[in-house]
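This is entry13.cif. It holds mmCIF, C-alpha atoms.
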data_work
loop_
_atom_site.label_atom_id
_atom_site.label_comp_id
_atom_site.auth_asym_id
_atom_site.auth_seq_id
_atom_site.Cartn_x
_atom_site.Cartn_y
_atom_site.Cartn_z
CA MET A 83 -30.84 -13.63 -12.91
CA THR A 84 -28.12 -13.03 -15.52
CA TYR A 85 -24.96 -15.09 -15.77
CA ASP A 86 -22.87 -12.15 -14.50
CA ASN A 87 -25.09 -11.73 -11.44
CA MET A 88 -24.87 -15.43 -10.65
CA TYR A 89 -21.10 -15.28 -11.12
CA LEU A 90 -20.79 -12.27 -8.83
CA LYS A 91 -22.94 -13.79 -6.10
CA ARG A 92 -21.10 -17.10 -6.22
CA HIS A 93 -17.69 -15.48 -5.89
CA SER A 94 -18.91 -13.00 -3.30
CA ARG A 95 -20.05 -15.95 -1.21
CA SER A 96 -16.81 -17.92 -1.56
CA PHE A 97 -14.76 -14.81 -0.89
CA ALA A 98 -16.79 -13.92 2.19
CA ASN A 99 -16.20 -17.38 3.63
CA GLY A 100 -12.43 -16.92 3.62
CA PHE A 101 -12.66 -13.29 4.63
CA TYR A 102 -14.87 -13.99 7.64
CA ARG A 103 -12.55 -16.70 8.93
CA SER A 104 -9.63 -14.27 8.84
CA THR A 105 -11.17 -11.45 10.89
CA LYS A 106 -11.63 -11.36 14.65
CA SER A 107 -11.92 -8.43 17.07
CA GLN A 108 -11.22 -5.77 14.46
CA VAL A 109 -13.03 -3.23 12.30
CA ILE A 110 -14.29 -4.77 9.06
CA ALA A 111 -14.84 -2.38 6.18
CA GLU A 112 -15.75 -2.46 2.51
CA THR A 113 -14.87 0.51 0.35
CA ASN A 114 -16.44 1.15 -3.05
CA ALA A 115 -19.09 -1.26 -1.81
CA GLY A 116 -21.36 -0.83 -4.84
CA LEU A 117 -24.46 -2.97 -4.40
CA GLY A 118 -23.07 -4.56 -1.24
CA LEU A 119 -22.93 -8.17 -2.47
CA ILE A 120 -19.91 -9.04 -0.34
CA THR A 121 -21.33 -7.10 2.60
CA THR A 122 -24.53 -9.15 2.37
CA GLU A 123 -22.59 -12.40 2.54
CA LEU A 124 -20.52 -11.19 5.50
CA LEU A 125 -23.58 -10.08 7.42
CA GLU A 126 -25.26 -13.41 6.70
CA LYS A 127 -22.15 -15.15 8.03
CA GLY A 128 -22.64 -13.33 11.31
CA VAL A 129 -20.23 -10.38 11.22
CA ASP A 130 -21.51 -8.06 13.96
CA LEU A 131 -20.72 -4.71 12.35
CA ILE A 132 -19.51 -3.61 8.92
CA ARG A 133 -18.67 -0.09 7.87
CA LEU A 134 -19.23 0.79 4.24
CA TYR A 135 -17.38 3.54 2.36
CA GLU A 136 -19.13 4.59 -0.85
CA MET A 137 -18.81 7.87 -2.76
CA CYS A 138 -21.46 7.19 -5.42
CA SER A 139 -24.82 8.61 -4.31
CA ASP A 140 -26.75 6.07 -6.41
CA PHE A 141 -25.06 3.16 -4.67
CA ARG A 142 -25.46 4.83 -1.28
CA ARG A 143 -29.22 4.88 -1.75
CA GLU A 144 -29.11 1.12 -2.20
CA LEU A 145 -26.76 0.62 0.73
CA LYS A 146 -28.95 2.64 3.11
CA GLU A 147 -31.50 -0.16 2.91
CA PHE A 148 -29.03 -2.40 4.73
CA GLY A 149 -29.83 -0.40 7.87
CA ASP A 150 -33.43 -1.65 7.71
CA VAL A 151 -32.56 -5.26 6.95
CA TYR A 152 -29.64 -5.43 9.41
CA PRO A 153 -30.42 -2.79 12.05
CA GLY A 154 -27.41 -1.57 14.04
CA ARG A 155 -24.94 -3.65 12.04
CA VAL A 156 -24.00 -1.29 9.19
CA GLU A 157 -22.26 2.11 9.23
CA LEU A 158 -22.26 4.11 5.99
CA PHE A 159 -19.65 6.74 5.08
CA THR A 160 -19.74 9.02 2.05
CA LYS A 161 -16.06 8.76 1.14
CA ASP A 162 -13.59 6.19 -0.18
CA ILE A 163 -11.13 5.09 2.50
CA PHE A 164 -8.59 4.31 -0.23
CA HIS A 165 -8.44 8.11 -0.68
CA LEU A 166 -7.20 8.71 2.87
CA TYR A 167 -4.03 10.33 1.55
CA ARG A 168 -6.13 12.91 -0.28
CA TYR A 169 -8.15 13.71 2.83
CA ALA A 170 -4.99 13.93 4.92
CA PHE A 171 -3.62 16.51 2.50
CA ILE A 172 -6.84 18.53 2.61
CA ASP A 173 -7.02 18.27 6.42
CA LYS A 174 -3.59 19.86 6.54
CA GLN A 175 -4.82 22.79 4.48
CA ASP A 176 -8.01 23.60 6.41
CA ASN A 177 -7.34 21.93 9.80
CA GLY A 178 -10.11 19.43 9.12
CA ASN A 179 -10.61 16.01 10.68
CA ARG A 180 -11.68 13.85 7.74
CA VAL A 181 -9.08 11.14 8.38
CA GLU A 182 -9.98 10.96 12.06
CA ALA A 183 -13.68 10.74 11.20
CA LEU A 184 -13.12 7.91 8.72
CA LEU A 185 -11.13 5.97 11.33
CA GLN A 186 -13.46 6.58 14.25
CA GLY A 187 -13.94 3.53 16.41
CA VAL A 188 -10.67 1.91 15.33
CA SER A 189 -8.77 0.81 18.42
CA LYS A 190 -5.02 1.14 18.85
CA ARG A 191 -2.77 -1.90 19.16
CA ASN A 192 0.90 -2.75 19.18
CA TRP A 193 2.35 -3.31 15.74
CA SER A 194 3.02 -6.99 16.44
CA ASP A 195 -0.60 -7.61 17.48
CA GLU A 196 -3.39 -8.68 15.14
CA PRO A 197 -4.51 -6.06 12.57
CA VAL A 198 -6.83 -3.36 13.86
CA MET A 199 -8.75 -3.09 10.60
CA THR A 200 -9.47 -5.17 7.51
CA ILE A 201 -10.52 -3.41 4.31
CA ILE A 202 -11.91 -4.96 1.16
CA GLY A 203 -12.37 -2.97 -2.02
CA THR A 204 -11.30 -2.18 -5.55
CA MET A 205 -7.94 -0.42 -5.52
CA CYS A 206 -7.52 1.63 -8.69
CA ASN A 207 -3.84 2.41 -8.07
CA LEU A 208 -1.11 1.95 -5.46
CA TYR A 209 -1.33 5.40 -3.83
CA PHE A 210 -3.09 4.08 -0.72
CA LEU A 211 -0.33 1.53 -0.08
CA LYS A 212 2.30 4.22 -0.62
CA TYR A 213 0.47 6.46 1.84
CA LEU A 214 0.36 3.73 4.49
CA ILE A 215 4.07 3.00 4.15
CA LYS A 216 5.00 6.66 4.28
CA SER A 217 2.75 7.26 7.29
CA LEU A 218 4.51 4.36 9.01
CA VAL A 219 7.91 5.81 8.15
CA LEU A 220 6.90 9.22 9.50
CA GLN A 221 4.99 7.72 12.45
CA THR A 222 1.80 9.58 11.69
CA GLY A 223 -1.67 8.85 10.35
CA PRO A 224 -3.50 5.50 10.24
CA THR A 225 -0.51 3.26 10.95
CA LEU A 226 -0.34 4.71 14.47
CA TYR A 227 -3.44 2.62 15.19
CA GLY A 228 -1.68 -0.60 14.24
CA ARG A 229 -1.50 -2.87 11.22
CA ILE A 230 -4.13 -2.67 8.48
CA LYS A 231 -4.99 -5.70 6.36
CA LEU A 232 -6.41 -5.48 2.84
CA PHE A 233 -8.29 -7.66 0.41
CA ALA A 234 -7.74 -5.52 -2.67
CA LEU A 235 -9.06 -6.01 -6.17
CA MET A 236 -6.35 -4.58 -8.40
CA ARG A 237 -5.15 -4.44 -11.97
CA PRO A 238 -2.45 -6.91 -13.00
CA ARG A 239 -0.11 -4.03 -13.84
CA ASP A 240 -0.30 -2.80 -10.23
CA TYR A 241 0.35 -6.28 -8.92
CA ALA A 242 3.37 -6.40 -11.25
CA VAL A 243 4.86 -3.48 -9.31
CA LEU A 244 3.89 -4.97 -5.96
CA SER A 245 5.66 -8.24 -6.76
CA ALA A 246 8.51 -7.00 -9.00
CA THR A 247 12.03 -8.45 -8.78
CA PRO A 248 15.44 -7.42 -10.21
CA LYS A 249 14.67 -9.60 -13.23
CA ASP A 250 11.88 -7.24 -14.23
CA ASN A 251 12.27 -3.96 -16.07
CA ARG A 252 12.98 -0.61 -14.43
CA VAL A 253 9.37 0.55 -14.68
CA ALA A 254 8.20 -2.25 -12.41
CA TYR A 255 11.23 -2.78 -10.16
CA SER A 256 11.26 0.67 -8.60
CA ALA A 257 11.91 2.03 -5.12
CA TRP A 258 8.28 1.36 -4.25
CA ALA A 259 8.57 -2.26 -5.32
CA VAL A 260 11.46 -2.65 -2.87
CA LEU A 261 9.52 -0.93 -0.07
CA PHE A 262 6.41 -3.01 -0.73
CA ASN A 263 8.42 -6.22 -0.42
CA LEU A 264 10.15 -5.12 2.78
CA PHE A 265 6.98 -4.03 4.56
CA LEU A 266 4.18 -6.17 3.11
CA ASP A 267 3.13 -9.79 2.72
CA TYR A 268 0.82 -10.45 -0.22
CA ASP A 269 -0.65 -13.23 -2.33
CA VAL A 270 -3.22 -13.56 -5.11
CA LEU A 271 -6.41 -15.30 -3.97
CA TYR A 272 -8.60 -15.14 -7.09
CA GLU A 273 -8.65 -13.86 -10.65
CA PHE A 274 -11.77 -12.18 -12.06
CA PRO A 275 -12.69 -11.06 -15.60
CA ARG A 276 -12.00 -7.35 -16.06
CA LYS A 277 -15.41 -6.89 -17.74
CA MET A 278 -17.11 -7.49 -14.39
CA PHE A 279 -15.85 -4.10 -13.19
CA PHE A 280 -16.86 -0.58 -14.15
CA PRO A 281 -15.80 1.52 -15.92
CA TRP A 282 -15.13 -0.80 -18.83
CA ASP A 283 -11.88 -0.14 -20.68
CA SER A 284 -12.59 0.73 -24.29
CA LYS A 285 -9.19 -0.62 -25.30
CA LEU A 286 -7.12 -3.14 -23.37
CA LYS A 287 -3.51 -2.19 -23.93
CA LYS A 288 -0.48 -4.36 -23.46
CA THR A 289 2.01 -2.73 -21.13
CA SER A 290 5.72 -2.92 -20.50
CA TYR A 291 5.16 -4.59 -17.15
CA PRO A 292 6.69 -8.01 -16.49
CA ASN A 293 5.55 -11.61 -16.63
CA ASN A 294 2.88 -11.10 -19.29
CA TYR A 295 0.10 -10.42 -16.80
CA GLU A 296 -3.32 -10.68 -18.39
CA VAL A 297 -4.74 -7.22 -18.98
CA ASP A 298 -8.29 -8.58 -19.17
CA LYS A 299 -8.17 -9.78 -15.54
CA MET A 300 -8.52 -8.30 -12.08
CA TYR A 301 -6.70 -9.87 -9.14
CA LEU A 302 -8.02 -10.25 -5.62
CA VAL A 303 -4.88 -9.80 -3.52
CA HIS A 304 -4.53 -10.39 0.20
CA ILE A 305 -2.15 -7.73 1.57
CA ASN A 306 -0.96 -7.47 5.16
CA PHE A 307 1.79 -5.50 6.84
CA LYS A 308 4.50 -7.73 8.25
CA ASN A 309 4.25 -7.95 12.02
CA GLU A 310 8.00 -7.42 12.33
CA LEU A 311 9.43 -4.20 10.93
CA PRO A 312 12.60 -4.53 8.81
CA VAL A 313 14.48 -2.06 11.04
CA PRO A 314 13.87 -0.32 14.40
CA ILE A 315 11.41 2.58 14.29
CA ASN A 316 14.15 5.21 14.51
CA GLN A 317 15.71 3.81 11.32
CA LEU A 318 12.54 3.70 9.21
CA LEU A 319 13.04 7.14 7.69
CA PRO A 320 16.75 6.55 6.93
CA LEU A 321 15.83 3.25 5.24
CA TYR A 322 13.08 4.94 3.21
CA TYR A 323 15.42 7.74 2.13
CA PHE A 324 18.22 5.26 1.37
CA ILE A 325 16.03 3.26 -1.01
CA LYS A 326 14.42 6.27 -2.68
CA GLN A 327 17.82 7.84 -3.40
CA PHE A 328 19.19 4.76 -5.09
CA TYR A 329 16.18 4.47 -7.36
CA GLY A 330 16.31 7.97 -8.77
CA ARG A 331 17.83 8.76 -12.12
CA GLY A 332 20.50 6.56 -13.60
CA THR A 333 21.94 3.36 -12.15
CA PRO A 334 24.21 4.42 -9.27
CA GLN A 335 26.84 1.99 -8.07
CA ILE A 336 26.54 0.93 -4.45
CA ILE A 337 30.10 1.15 -3.11
CA PRO A 338 31.00 4.66 -4.38
CA THR A 339 27.65 5.98 -3.16
CA VAL A 340 27.78 4.59 0.38
CA GLU A 341 31.40 5.74 0.64
CA LYS A 342 30.24 9.27 -0.11
CA TRP A 343 27.36 9.05 2.36
CA VAL A 344 29.21 7.28 5.20
CA PRO A 345 33.00 7.51 4.75
CA ASP A 346 34.85 4.18 4.92
CA SER A 347 31.63 2.14 5.02
CA GLY A 348 32.24 0.65 1.58
CA LEU A 349 34.51 -2.05 3.00
CA ASN A 350 31.73 -3.17 5.35
CA VAL A 351 29.41 -3.52 2.38
CA LEU A 352 32.00 -5.46 0.38
CA LEU A 353 32.91 -7.66 3.36
CA PRO A 354 29.91 -7.59 5.72
CA LYS A 355 30.59 -7.64 9.44
CA THR A 356 27.31 -9.41 10.16
CA LYS A 357 26.18 -12.75 8.82
CA HIS A 358 23.22 -12.37 6.46
CA PHE A 359 21.35 -15.10 4.67
CA ASP A 360 21.58 -14.70 0.90
CA TYR A 361 23.88 -11.67 0.92
CA TYR A 362 24.51 -10.47 -2.65
CA CYS A 363 27.56 -12.19 -4.08
CA PRO A 364 29.82 -11.26 -5.67
CA MET A 365 29.55 -7.68 -4.42
CA GLY A 366 31.95 -5.41 -6.31
CA ILE A 367 32.68 -1.74 -6.79
CA PHE A 368 30.61 -1.75 -9.99
CA THR A 369 27.56 -3.50 -8.50
CA THR A 370 24.43 -1.40 -8.93
CA PHE A 371 21.45 -1.20 -6.65
CA ARG A 372 19.03 -2.62 -9.21
CA GLU A 373 20.87 -5.94 -9.22
CA LEU A 374 19.90 -6.65 -5.60
CA LYS A 375 16.74 -8.21 -4.22
CA PRO A 376 14.83 -6.20 -1.58
CA HIS A 377 16.21 -8.15 1.39
CA GLN A 378 19.74 -7.79 0.00
CA ILE A 379 19.22 -4.03 -0.20
CA LEU A 380 18.17 -4.11 3.45
CA PHE A 381 21.41 -5.91 4.36
CA VAL A 382 23.49 -3.24 2.61
CA PHE A 383 21.63 -0.55 4.55
CA LYS A 384 22.27 -2.32 7.86
CA GLU A 385 25.98 -2.61 7.12
CA MET A 386 26.14 1.10 6.35
CA VAL A 387 24.24 2.33 9.43
CA ASN A 388 26.20 0.00 11.74
CA HIS A 389 29.49 1.57 10.69
CA PRO A 390 31.15 3.68 13.44
CA ALA A 391 31.19 6.74 11.15
CA TYR A 392 27.42 6.71 10.61
CA PRO A 393 26.33 8.98 13.53
CA GLY A 394 28.33 11.94 12.20
CA SER A 395 28.01 11.13 8.51
CA PRO A 396 26.67 13.31 5.67
CA PHE A 397 23.90 10.74 5.24
CA ARG A 398 22.45 11.63 8.65
CA ASP A 399 22.27 15.29 7.63
CA MET A 400 20.56 14.30 4.39
CA VAL A 401 17.95 12.31 6.32
CA GLU A 402 17.30 15.20 8.71
CA ASN A 403 16.72 17.50 5.75
CA GLU A 404 14.31 14.95 4.32
CA MET A 405 12.50 14.84 7.66
CA ALA A 406 12.06 18.60 7.59
CA LYS A 407 10.46 18.32 4.15
CA SER A 408 8.34 15.31 5.08
CA GLU A 409 6.68 16.30 8.34
CA THR A 410 3.37 15.54 6.63
CA ILE A 411 2.33 13.19 3.86
CA GLU A 412 1.90 16.12 1.47
CA THR A 413 4.71 14.92 -0.78
CA CYS A 414 2.62 11.85 -1.63
CA LEU A 415 0.40 14.18 -3.61
CA ALA A 416 3.26 15.14 -5.89
CA GLU A 417 3.25 11.55 -7.12
CA ALA A 418 -0.48 11.47 -7.78
CA THR A 419 -1.73 12.14 -11.29
CA PHE A 420 -4.84 13.82 -9.97
CA GLU A 421 -3.35 16.50 -7.72
CA LYS A 422 -5.57 19.02 -9.49
CA THR A 423 -8.59 16.99 -8.44
CA VAL A 424 -7.45 17.13 -4.83
CA ARG A 425 -7.12 20.87 -4.93
CA GLY A 426 -10.52 21.05 -6.55
CA ASP A 427 -11.94 19.02 -3.69
CA LEU A 428 -10.37 21.45 -1.25
CA LYS A 429 -12.02 24.37 -2.99
CA GLU A 430 -15.41 22.69 -2.92
CA LYS A 431 -14.95 21.45 0.67
CA LEU A 432 -15.83 17.98 -0.61
CA ASN A 433 -19.54 18.88 -0.59
CA ASN A 434 -20.26 16.02 1.77
CA ASP A 435 -18.48 17.35 4.87
#

Just give me the structure as structure tokens.
Amino acid sequence: MTYDNMYLKRHSRSFANGFYRSTKSQVIAETNAGLGLITTELLEKGVDLIRLYEMCSDFRRELKEFGDVYPGRVELFTKDIFHLYRYAFIDKQDNGNRVEALLQGVSKRNWSDEPVMTIIGTMCNLYFLKYLIKSLVLQTGPTLYGRIKLFALMRPRDYAVLSATPKDNRVAYSAWAVLFNLFLDYDVLYEFPRKMFFPWDSKLKKTSYPNNYEVDKMYLVHINFKNELPVPINQLLPLYYFIKQFYGRGTPQIIPTVEKWVPDSGLNVLLPKTKHFDYYCPMGIFTTFRELKPHQILFVFKEMVNHPAYPGSPFRDMVENEMAKSETIETCLAEATFEKTVRGDLKEKLNND
């Protein structure tokens, strides 16, 4: 056995120990399962049923043998569940049911209950997390089942966005960084050498992301939706739109902008009517959105929507227009660098349907 194989097995075993202790009465899944090292450890620990999502036909041939060794305890799917947003887009085009098929057997629970599903896998980008948050905002898709928990292997640059603060540069501290921090809890469990993962990068480039994260590492990150939403369900879309608008072009100042959206609400933001822990101080007419931490941004939003002028404000009309454009998650695809690939998949009907 090579050193790398021993290293992989050792960490698969230690990871499975913690993973198994954290999952009860929910669907357990591994996506991009590869050779199934973690799956093997989980099955040996006594997990009753594991569903595997694997797109590579070579790996699927290996994973099919699990059905013989562990009869009735493994379900194998031919797609990557981290690509749910792609399948949702394609389902919209041809009235398919790919998303429903990939989530079959997942029970529905209240948001404050334990997660309905735990997924482990290598996450190549943040599109899946964006899709989950947007589906929650629009009250559609997988988040209607309940909370989903992740054990994601991700690049340090993606974790830099997930954990960004106002002290970081504008590339990292974006609207999505704010949304991630308002909706998700996360922490790094392990660090792994990047060379353990395929495909190997021919050149490891330093990036403009913060905190000098090591580009030759991969992080295992535990991610879970907070069991308490930051605002009531009927205010999720306004909050989403509020944050996205402030993190567009330029560095808009808070007070002039909220005054335009909800007349006379600027005074409430300057002198909040509600007591908030760690409200941004000193708040002034020149304060910009990027100076605030995520929870401070949430406080500003609450002061604005609690103003008496909010129900008939221009901001409400802006949100309704956004709702009309966002009845589906299709707009997520505009942010993806491989939209052409998605449309190609639609043309080919994904071959594996």

- Would you translate the PyMOL selection byres ((chain A and resi 346-350) around 9) into the concrete set of residues it matches in this file, as a list in words?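 Answer for the PyMOL selection byres ((chain A and resi 346-350) around 9): Ile336, Ile337, Pro338, Thr339, Val340, Glu341, Lys342, Trp343, Val344, Pro345, Val351, Leu352, Leu353, Pro354, Lys355, Ile367, Val382, Glu385, Met386, Val387, Asn388, His389, Pro390, Ala391 and Tyr392 of chain A.
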
- For Thr113 (chain A), list every protein, DNA or RNA residue within 12 Å, evaluated using all atoms listed in the file, and leave out those in the same chain fewer than 5 positions away; present the list as a PyMOL selection string. chain A and resi 118+120-121+132-138+141-142+145+157-166+184+200-206+232-235

- Task: Would you work out the distance separating CA of Pro393 (chain A) from CA of Thr356 (chain A), expressed in Å to one decimal?
- Result: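 If I compute the distance from CA of Pro393 (chain A) to CA of Thr356 (chain A), I get 18.7 Å.
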
- Point out the residue among A:Arg143, A:His377, A:Arg168, A:Arg372 with the least atom-to-atom distance to Pro334 (chain A), counting all atoms listed in the file.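 Closest to Pro334 (chain A) of all the choices is A:Arg372.
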
- Minimum-distance residue to Leu218 (chain A), chosen among A:Phe383, A:Tyr152, A:Tyr167, A:Phe265 (using all atoms listed in the file):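 Using all atoms listed in the file, the shortest distance to Leu218 (chain A) belongs to A:Phe265.
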
- Item | Interatomic distance, CA of Lys174 (chain A) to CA of Ala259 (chain A) (Å, one decimal) |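 Rounded to one decimal, the two atoms are 27.9 Å apart.
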
- Task: For CA of Tyr169 (chain A) and CA of Leu226 (chain A), quote the distance in Å rounded to one decimal.
- Result: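 So the two atoms, CA of Tyr169 (chain A) and CA of Leu226 (chain A), lie 16.7 Å apart.
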
- Query: Hey, what's within 8 Å of Tyr329 (chain A) if we count all atoms listed in the file and toss same-chain stuff fewer than 4 positions away? As a list in words, please?
  - Reply: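 The contact residues come out as Ser256, Ala257, Ile325, Thr333, Phe371 and Arg372 of chain A.
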
- Message: I'd like to know which of A:Thr369, A:Leu244, A:Gly116, A:Ser107 is closest to Asp130 (chain A), using all atoms listed in the file.
- Response: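 Closest candidate: A:Ser107.
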
- Polymer residues at most 12 Å from Tyr241 (chain A), only C-alpha atoms, same-chain spacing of 2 or more positions, as a VMD selection string: chain A and resid 205 to 208 211 234 to 239 243 to 247 254 to 255 258 to 259 262 to 263 268 to 270 273 291 to 297 299 to 305

Since we have the selection now, will you write its residues out, keeping C-alpha atoms, as a PDB file, in the coordinates of the input?
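Result written to part14.pdb:
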ATOM      1  CA  MET A 205      -7.940  -0.420  -5.520  1.00  0.00           C
ATOM      2  CA  CYS A 206      -7.520   1.630  -8.690  1.00  0.00           C
ATOM      3  CA  ASN A 207      -3.840   2.410  -8.070  1.00  0.00           C
ATOM      4  CA  LEU A 208      -1.110   1.950  -5.460  1.00  0.00           C
ATOM      5  CA  LEU A 211      -0.330   1.530  -0.080  1.00  0.00           C
ATOM      6  CA  ALA A 234      -7.740  -5.520  -2.670  1.00  0.00           C
ATOM      7  CA  LEU A 235      -9.060  -6.010  -6.170  1.00  0.00           C
ATOM      8  CA  MET A 236      -6.350  -4.580  -8.400  1.00  0.00           C
ATOM      9  CA  ARG A 237      -5.150  -4.440 -11.970  1.00  0.00           C
ATOM     10  CA  PRO A 238      -2.450  -6.910 -13.000  1.00  0.00           C
ATOM     11  CA  ARG A 239      -0.110  -4.030 -13.840  1.00  0.00           C
ATOM     12  CA  VAL A 243       4.860  -3.480  -9.310  1.00  0.00           C
ATOM     13  CA  LEU A 244       3.890  -4.970  -5.960  1.00  0.00           C
ATOM     14  CA  SER A 245       5.660  -8.240  -6.760  1.00  0.00           C
ATOM     15  CA  ALA A 246       8.510  -7.000  -9.000  1.00  0.00           C
ATOM     16  CA  THR A 247      12.030  -8.450  -8.780  1.00  0.00           C
ATOM     17  CA  ALA A 254       8.200  -2.250 -12.410  1.00  0.00           C
ATOM     18  CA  TYR A 255      11.230  -2.780 -10.160  1.00  0.00           C
ATOM     19  CA  TRP A 258       8.280   1.360  -4.250  1.00  0.00           C
ATOM     20  CA  ALA A 259       8.570  -2.260  -5.320  1.00  0.00           C
ATOM     21  CA  PHE A 262       6.410  -3.010  -0.730  1.00  0.00           C
ATOM     22  CA  ASN A 263       8.420  -6.220  -0.420  1.00  0.00           C
ATOM     23  CA  TYR A 268       0.820 -10.450  -0.220  1.00  0.00           C
ATOM     24  CA  ASP A 269      -0.650 -13.230  -2.330  1.00  0.00           C
ATOM     25  CA  VAL A 270      -3.220 -13.560  -5.110  1.00  0.00           C
ATOM     26  CA  GLU A 273      -8.650 -13.860 -10.650  1.00  0.00           C
ATOM     27  CA  TYR A 291       5.160  -4.590 -17.150  1.00  0.00           C
ATOM     28  CA  PRO A 292       6.690  -8.010 -16.490  1.00  0.00           C
ATOM     29  CA  ASN A 293       5.550 -11.610 -16.630  1.00  0.00           C
ATOM     30  CA  ASN A 294       2.880 -11.100 -19.290  1.00  0.00           C
ATOM     31  CA  TYR A 295       0.100 -10.420 -16.800  1.00  0.00           C
ATOM     32  CA  GLU A 296      -3.320 -10.680 -18.390  1.00  0.00           C
ATOM     33  CA  VAL A 297      -4.740  -7.220 -18.980  1.00  0.00           C
ATOM     34  CA  LYS A 299      -8.170  -9.780 -15.540  1.00  0.00           C
ATOM     35  CA  MET A 300      -8.520  -8.300 -12.080  1.00  0.00           C
ATOM     36  CA  TYR A 301      -6.700  -9.870  -9.140  1.00  0.00           C
ATOM     37  CA  LEU A 302      -8.020 -10.250  -5.620  1.00  0.00           C
ATOM     38  CA  VAL A 303      -4.880  -9.800  -3.520  1.00  0.00           C
ATOM     39  CA  HIS A 304      -4.530 -10.390   0.200  1.00  0.00           C
ATOM     40  CA  ILE A 305      -2.150  -7.730   1.570  1.00  0.00           C
TER      41      ILE A 305
END

Please, could N, CA, C and O atoms be added to region 304-315 of chain A and the result written as a CSV table (one decimal), in the coordinates of the input?
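Here's the written file part.csv:
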chain,number,residue,atom,x,y,z
A,304,HIS,N,-4.6,-10.5,-1.3
A,304,HIS,CA,-4.5,-10.4,0.2
A,304,HIS,C,-3.2,-9.7,0.6
A,304,HIS,O,-2.1,-10.2,0.3
A,305,ILE,N,-3.3,-8.5,1.2
A,305,ILE,CA,-2.2,-7.7,1.6
A,305,ILE,C,-2.2,-7.5,3.1
A,305,ILE,O,-3.2,-7.1,3.6
A,306,ASN,N,-1.1,-7.7,3.7
A,306,ASN,CA,-1.0,-7.5,5.2
A,306,ASN,C,0.4,-6.9,5.5
A,306,ASN,O,1.4,-7.4,4.9
A,307,PHE,N,0.5,-6.0,6.4
A,307,PHE,CA,1.8,-5.5,6.8
A,307,PHE,C,2.5,-6.6,7.7
A,307,PHE,O,1.8,-7.3,8.4
A,308,LYS,N,3.8,-6.7,7.5
A,308,LYS,CA,4.5,-7.7,8.2
A,308,LYS,C,4.5,-7.3,9.7
A,308,LYS,O,4.6,-6.1,10.0
A,309,ASN,N,4.3,-8.3,10.6
A,309,ASN,CA,4.2,-8.0,12.0
A,309,ASN,C,5.6,-7.6,12.6
A,309,ASN,O,5.7,-7.2,13.8
A,310,GLU,N,6.7,-7.8,11.9
A,310,GLU,CA,8.0,-7.4,12.3
A,310,GLU,C,8.6,-6.4,11.3
A,310,GLU,O,8.7,-6.7,10.1
A,311,LEU,N,8.9,-5.2,11.8
A,311,LEU,CA,9.4,-4.2,10.9
A,311,LEU,C,10.8,-4.6,10.5
A,311,LEU,O,11.6,-5.2,11.2
A,312,PRO,N,11.3,-4.2,9.3
A,312,PRO,CA,12.6,-4.5,8.8
A,312,PRO,C,13.7,-3.9,9.6
A,312,PRO,O,14.8,-4.4,9.6
A,313,VAL,N,13.5,-2.8,10.2
A,313,VAL,CA,14.5,-2.1,11.0
A,313,VAL,C,13.8,-1.4,12.2
A,313,VAL,O,12.5,-1.3,12.2
A,314,PRO,N,14.5,-1.0,13.3
A,314,PRO,CA,13.9,-0.3,14.4
A,314,PRO,C,13.2,1.0,13.9
A,314,PRO,O,13.5,1.5,12.9
A,315,ILE,N,12.2,1.4,14.7
A,315,ILE,CA,11.4,2.6,14.3
A,315,ILE,C,12.3,3.8,14.0
A,315,ILE,O,12.0,4.5,13.0
